[in-house]
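The file upload_8.csv comes next; it holds CSV, C-alpha atoms.
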chain,number,residue,atom,x,y,z
A,1,MET,CA,3.2,-105.2,-41.3
A,2,SER,CA,0.0,-103.4,-41.0
A,3,HIS,CA,-0.7,-99.7,-41.2
A,4,LYS,CA,-1.3,-99.7,-37.4
A,5,LYS,CA,2.5,-100.1,-36.9
A,6,LEU,CA,3.1,-97.1,-39.2
A,7,TRP,CA,0.6,-95.0,-37.3
A,8,LEU,CA,2.3,-96.0,-34.0
A,9,ILE,CA,5.8,-95.3,-35.3
A,10,LEU,CA,4.8,-91.9,-36.7
A,11,SER,CA,2.9,-91.0,-33.6
A,12,VAL,CA,5.8,-91.7,-31.3
A,13,LEU,CA,8.2,-89.8,-33.5
A,14,PHE,CA,5.7,-86.9,-33.7
A,15,LEU,CA,5.7,-86.7,-29.9
A,16,LEU,CA,9.4,-87.0,-29.6
A,17,GLU,CA,10.0,-84.2,-32.1
A,18,GLY,CA,8.2,-81.7,-30.0
A,19,THR,CA,9.0,-82.8,-26.5
A,20,LEU,CA,12.4,-84.6,-26.0
A,21,LEU,CA,14.5,-83.6,-29.0
A,22,PRO,CA,14.6,-79.8,-28.5
A,23,TRP,CA,16.3,-80.5,-25.2
A,24,LEU,CA,19.1,-82.5,-26.8
A,25,VAL,CA,20.5,-79.6,-28.9
A,26,PRO,CA,23.4,-78.0,-26.9
A,27,VAL,CA,22.7,-74.5,-25.6
A,28,ALA,CA,25.8,-73.1,-27.3
A,29,TRP,CA,24.4,-74.2,-30.7
A,30,GLN,CA,21.0,-72.6,-30.2
A,31,SER,CA,22.3,-69.1,-30.7
A,32,LYS,CA,24.1,-69.9,-33.9
A,33,VAL,CA,21.9,-72.5,-35.6
A,34,GLN,CA,18.4,-73.8,-35.4
A,35,VAL,CA,18.1,-77.5,-35.7
A,36,ASP,CA,14.6,-78.8,-36.3
A,37,PRO,CA,14.4,-82.6,-36.4
A,38,HIS,CA,11.9,-83.7,-39.0
A,39,PHE,CA,11.8,-87.4,-38.1
A,40,VAL,CA,8.2,-87.8,-39.2
A,41,LEU,CA,9.2,-86.4,-42.6
A,42,VAL,CA,12.0,-88.9,-42.9
A,43,ILE,CA,9.6,-91.8,-42.3
A,44,VAL,CA,7.1,-90.2,-44.8
A,45,LEU,CA,9.9,-90.1,-47.4
A,46,PHE,CA,10.8,-93.7,-46.7
A,47,ILE,CA,7.1,-94.6,-47.1
A,48,GLY,CA,7.2,-92.9,-50.5
A,49,LEU,CA,10.3,-94.8,-51.5
A,50,TYR,CA,9.3,-98.2,-50.3
A,51,ILE,CA,5.5,-98.4,-50.2
A,52,ASN,CA,3.9,-96.0,-52.6
A,53,ARG,CA,3.4,-92.3,-53.2
A,54,HIS,CA,-0.3,-92.2,-52.3
A,55,THR,CA,0.3,-93.6,-48.9
A,56,ALA,CA,3.1,-91.1,-48.3
A,57,LEU,CA,0.9,-88.3,-49.4
A,58,VAL,CA,-1.8,-89.3,-46.9
A,59,TYR,CA,0.6,-89.7,-44.0
A,60,GLY,CA,2.3,-86.5,-44.9
A,61,LEU,CA,-0.9,-84.5,-45.0
A,62,VAL,CA,-2.2,-86.0,-41.7
A,63,PHE,CA,0.9,-85.5,-39.7
A,64,GLY,CA,1.7,-82.2,-41.4
A,65,MET,CA,-1.7,-80.9,-40.3
A,66,LEU,CA,-1.0,-82.2,-36.8
A,67,HIS,CA,2.2,-80.2,-36.9
A,68,ASP,CA,0.3,-77.1,-38.0
A,69,PHE,CA,-2.2,-77.4,-35.2
A,70,ILE,CA,0.0,-78.5,-32.3
A,71,TYR,CA,3.4,-76.9,-32.9
A,72,HIS,CA,4.6,-73.5,-33.9
A,73,SER,CA,3.0,-72.8,-37.2
A,74,PRO,CA,1.6,-69.3,-37.6
A,75,MET,CA,-0.6,-70.5,-40.5
A,76,LEU,CA,-2.6,-73.7,-41.1
A,77,GLY,CA,-1.5,-75.7,-44.1
A,78,PRO,CA,2.2,-75.0,-45.0
A,79,VAL,CA,3.7,-77.9,-43.1
A,80,SER,CA,0.9,-80.2,-44.3
A,81,PHE,CA,1.4,-79.1,-47.9
A,82,GLY,CA,5.2,-79.4,-47.7
A,83,MET,CA,5.3,-82.8,-46.0
A,84,GLY,CA,2.6,-84.3,-48.2
A,85,LEU,CA,4.2,-83.1,-51.4
A,86,ALA,CA,7.7,-84.2,-50.4
A,87,GLY,CA,6.4,-87.7,-49.6
A,88,TYR,CA,4.5,-87.8,-52.9
A,89,LEU,CA,7.5,-86.6,-54.9
A,90,ALA,CA,9.7,-89.2,-53.2
A,91,GLY,CA,7.1,-91.9,-54.1
A,92,MET,CA,7.3,-90.9,-57.7
A,93,LEU,CA,10.9,-92.3,-57.8
A,94,GLN,CA,9.7,-95.7,-56.5
A,95,GLY,CA,10.5,-98.3,-59.2
A,96,ARG,CA,12.1,-95.7,-61.5
A,97,ILE,CA,15.6,-95.8,-60.0
A,98,TYR,CA,17.6,-98.6,-58.3
A,99,SER,CA,17.0,-98.5,-54.6
A,100,SER,CA,20.2,-98.4,-52.6
A,101,ILE,CA,21.3,-96.7,-49.4
A,102,VAL,CA,23.0,-93.9,-51.3
A,103,ILE,CA,20.0,-93.2,-53.5
A,104,SER,CA,17.7,-93.3,-50.4
A,105,MET,CA,19.9,-90.8,-48.5
A,106,VAL,CA,20.0,-88.5,-51.5
A,107,VAL,CA,16.2,-88.6,-51.8
A,108,ILE,CA,15.9,-88.0,-48.0
A,109,GLY,CA,18.3,-85.1,-48.1
A,110,LEU,CA,16.6,-83.5,-51.1
A,111,GLY,CA,13.2,-84.1,-49.6
A,112,ASN,CA,14.2,-82.3,-46.4
A,113,LEU,CA,15.6,-79.4,-48.4
A,114,PHE,CA,12.4,-79.3,-50.5
A,115,TYR,CA,10.2,-79.3,-47.4
A,116,ASP,CA,12.2,-76.6,-45.7
A,117,THR,CA,12.3,-74.5,-48.8
A,118,ALA,CA,8.6,-74.9,-49.5
A,119,ILE,CA,7.7,-73.8,-45.9
A,120,TYR,CA,10.1,-70.8,-46.1
A,121,GLY,CA,8.7,-69.8,-49.5
A,122,LEU,CA,5.1,-69.9,-48.2
A,123,PHE,CA,6.0,-68.0,-45.1
A,124,ARG,CA,7.9,-65.4,-47.2
A,125,LEU,CA,5.0,-65.2,-49.7
A,126,PHE,CA,2.5,-64.4,-47.0
A,127,ARG,CA,5.0,-62.1,-45.1
A,128,VAL,CA,5.2,-64.3,-42.0
A,129,THR,CA,9.0,-64.1,-42.1
A,130,HIS,CA,11.4,-61.5,-43.4
A,131,THR,CA,14.6,-63.5,-42.9
A,132,ASN,CA,17.1,-63.7,-45.8
A,133,LEU,CA,17.1,-67.0,-47.7
A,134,GLU,CA,20.9,-67.3,-47.4
A,135,TRP,CA,20.9,-67.0,-43.6
A,136,VAL,CA,18.0,-69.5,-43.4
A,137,PHE,CA,19.7,-72.0,-45.7
A,138,LEU,CA,23.0,-71.9,-43.7
A,139,HIS,CA,21.7,-71.7,-40.2
A,140,GLN,CA,18.4,-73.7,-40.3
A,141,MET,CA,18.1,-75.8,-43.5
A,142,LEU,CA,21.6,-77.4,-43.6
A,143,PRO,CA,21.9,-78.3,-39.9
A,144,SER,CA,18.4,-79.7,-39.9
A,145,MET,CA,19.1,-81.7,-43.0
A,146,LEU,CA,22.3,-83.2,-41.5
A,147,ILE,CA,20.5,-84.2,-38.3
A,148,ASN,CA,17.7,-85.8,-40.4
A,149,LEU,CA,20.2,-87.6,-42.6
A,150,LEU,CA,21.9,-89.0,-39.5
A,151,PHE,CA,18.6,-90.3,-38.2
A,152,ALA,CA,17.7,-91.7,-41.7
A,153,LEU,CA,21.0,-93.5,-41.8
A,154,ALA,CA,20.6,-94.9,-38.3
A,155,ILE,CA,17.1,-96.4,-39.1
A,156,TYR,CA,17.7,-97.3,-42.7
A,157,VAL,CA,18.2,-101.1,-42.3
A,158,PRO,CA,15.3,-101.7,-39.8
A,159,ILE,CA,12.8,-99.5,-41.7
A,160,ARG,CA,13.7,-101.0,-45.0
A,161,LYS,CA,13.2,-104.5,-43.6
A,162,LEU,CA,9.9,-103.4,-42.0
A,163,PHE,CA,8.7,-102.0,-45.3
A,164,GLU,CA,9.9,-104.9,-47.4
A,165,SER,CA,8.0,-107.4,-45.1
A,166,LEU,CA,4.8,-106.1,-46.7
A,167,PRO,CA,3.4,-108.5,-49.2
A,168,MET,CA,4.0,-107.3,-52.8
A,169,LYS,CA,0.4,-108.0,-53.7
A,170,GLN,CA,-0.9,-105.5,-51.0
A,171,THR,CA,1.4,-102.7,-52.2
A,172,GLU,CA,0.3,-103.2,-55.8
A,173,GLU,CA,-3.3,-103.1,-54.9
A,174,MET,CA,-2.8,-99.8,-53.1
A,175,GLU,CA,-1.2,-98.3,-56.1
Kindly transcribe the structure held in the file into structure tokens.
Amino acid sequence: MSHKKLWLILSVLFLLEGTLLPWLVPVAWQSKVQVDPHFVLVIVLFIGLYINRHTALVYGLVFGMLHDFIYHSPMLGPVSFGMGLAGYLAGMLQGRIYSSIVISMVVIGLGNLFYDTAIYGLFRLFRVTHTNLEWVFLHQMLPSMLINLLFALAIYVPIRKLFESLPMKQTEEME
């Protein structure tokens, strides 16, 4: 597998996040919870877990900056920072823990919570938002994390096979 396939997968997911997926959330839910699918972040976390942390950092920074430019970010940089750092931290666990579906889902869930918390913290620091952390956690972070975990669970087997098809020598050279 080359990095061209990764770019293609991430680009398609990036486009789907902003175009098709907001229409799939039922209207009744939109007044109570805000579900933000972060499918690109899920793939970046998988890249950190199964390829290496430096590659996850680069993909996270690039696609995070695209999110900052194209979508709803009032500042440039928080999404890029959060996505890159979450991918890098997930990559630090590569080889240190046994890789199973449970561990991968825990890392994906914690990576999503870290990403949302980092963005909320930066927005709160620069006074972009004045919303209470408890409300944001219950009405935005948890529903988003659950949707992202469902997506991660649905693509776990194909994405792991795709990443494990990389020759081991190539991943070691990249590290």
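Of the residues under consideration (A:Ser80, A:Ser165, A:Gln94, A:Ser73), A:Gln94 shows the shortest atom-to-atom contact distance to A:Gly48 when counting all atoms listed in the file.
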Checklist entry - Once you count all atoms listed in the file, which residues end up no further than 9 Å from (-0.1, -85.4, -28.9) in the file's frame, shown as a ChimeraX atom specification? => result /A:11-12,14-15,66,70
Checklist entry - Counting all atoms listed in the file, which of A:Phe114, A:Phe81, A:Trp7, A:Tyr59 gets nearest to A:Leu142? => result A:Phe114
Checklist entry - In Å to one decimal, how far is atom CA of A:Leu41 from atom CA of A:Ala56? => result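 Between these atoms lies a distance of 9.6 Å.
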Checklist entry - Do you have the atom CA of A:Leu8-atom CA of A:Ser144 distance handy? => result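 Separation between atom CA of A:Leu8 and atom CA of A:Ser144: 23.7 Å.
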Checklist entry - From the list A:Asn148, A:Ser100, A:Ile43, A:Pro37, which residue is nearest A:Leu20 when using all atoms listed in the file? => result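 Checking each of A:Asn148, A:Ser100, A:Ile43, A:Pro37 against A:Leu20, counting all atoms listed in the file, the winner is A:Pro37.
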Checklist entry - What's the 9 Å shell around stretch 130-133 of chain A, counting only C-alpha atoms, without same-chain residues fewer than 5 positions away, as a list in words? => result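 Close residues of stretch 130-133 of chain A: Thr117, Tyr120, Phe123, Arg124 and Leu138 of chain A.
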Item to check | Gap from atom CA of A:Lys32 to atom CA of A:Val107 - Å, one decimal | outcome: 27.1 Å
Checklist outcome for this item: Nearest to A:Met83, restricted to only C-alpha atoms and choosing among A:Asn112, A:Thr55, A:Ser99, A:Gln34, comes out as A:Asn112
Checklist entry - Counting all atoms listed in the file, which of A:Tyr88, A:Phe46, A:Phe69, A:Phe39 gets nearest to A:Leu16? => result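 Closest candidate: A:Phe39.
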Checklist entry - Hey, which of A:Ile101, A:Leu85, A:Met75, A:Val35 ends up closest to A:Val157? Count all atoms listed in the file. => result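 Closest to A:Val157 of all the choices is A:Ile101.
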Next on the checklist: When you look at A:Asp36 with a cut-off of 10 Å (counting only C-alpha atoms), what residues show up, excluding the ones that are within fewer than 3 positions of it in the same chain? I need them as JSON, numbers by chain.
Outcome noted: {"A": [17, 18, 21, 22, 25, 33, 39, 116, 140, 141, 143, 144, 145, 147, 148]}
Next on the checklist: Give me the residues near A:Gly82 as a list in words, where near means some atom within 7 Å (using all atoms listed in the file) and where sequence neighbours in that chain fewer than 5 positions away do not count.
Outcome noted: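 Skipping anything fewer than 5 positions along the chain leaves Tyr115, Ala118 and Ile119 of chain A.
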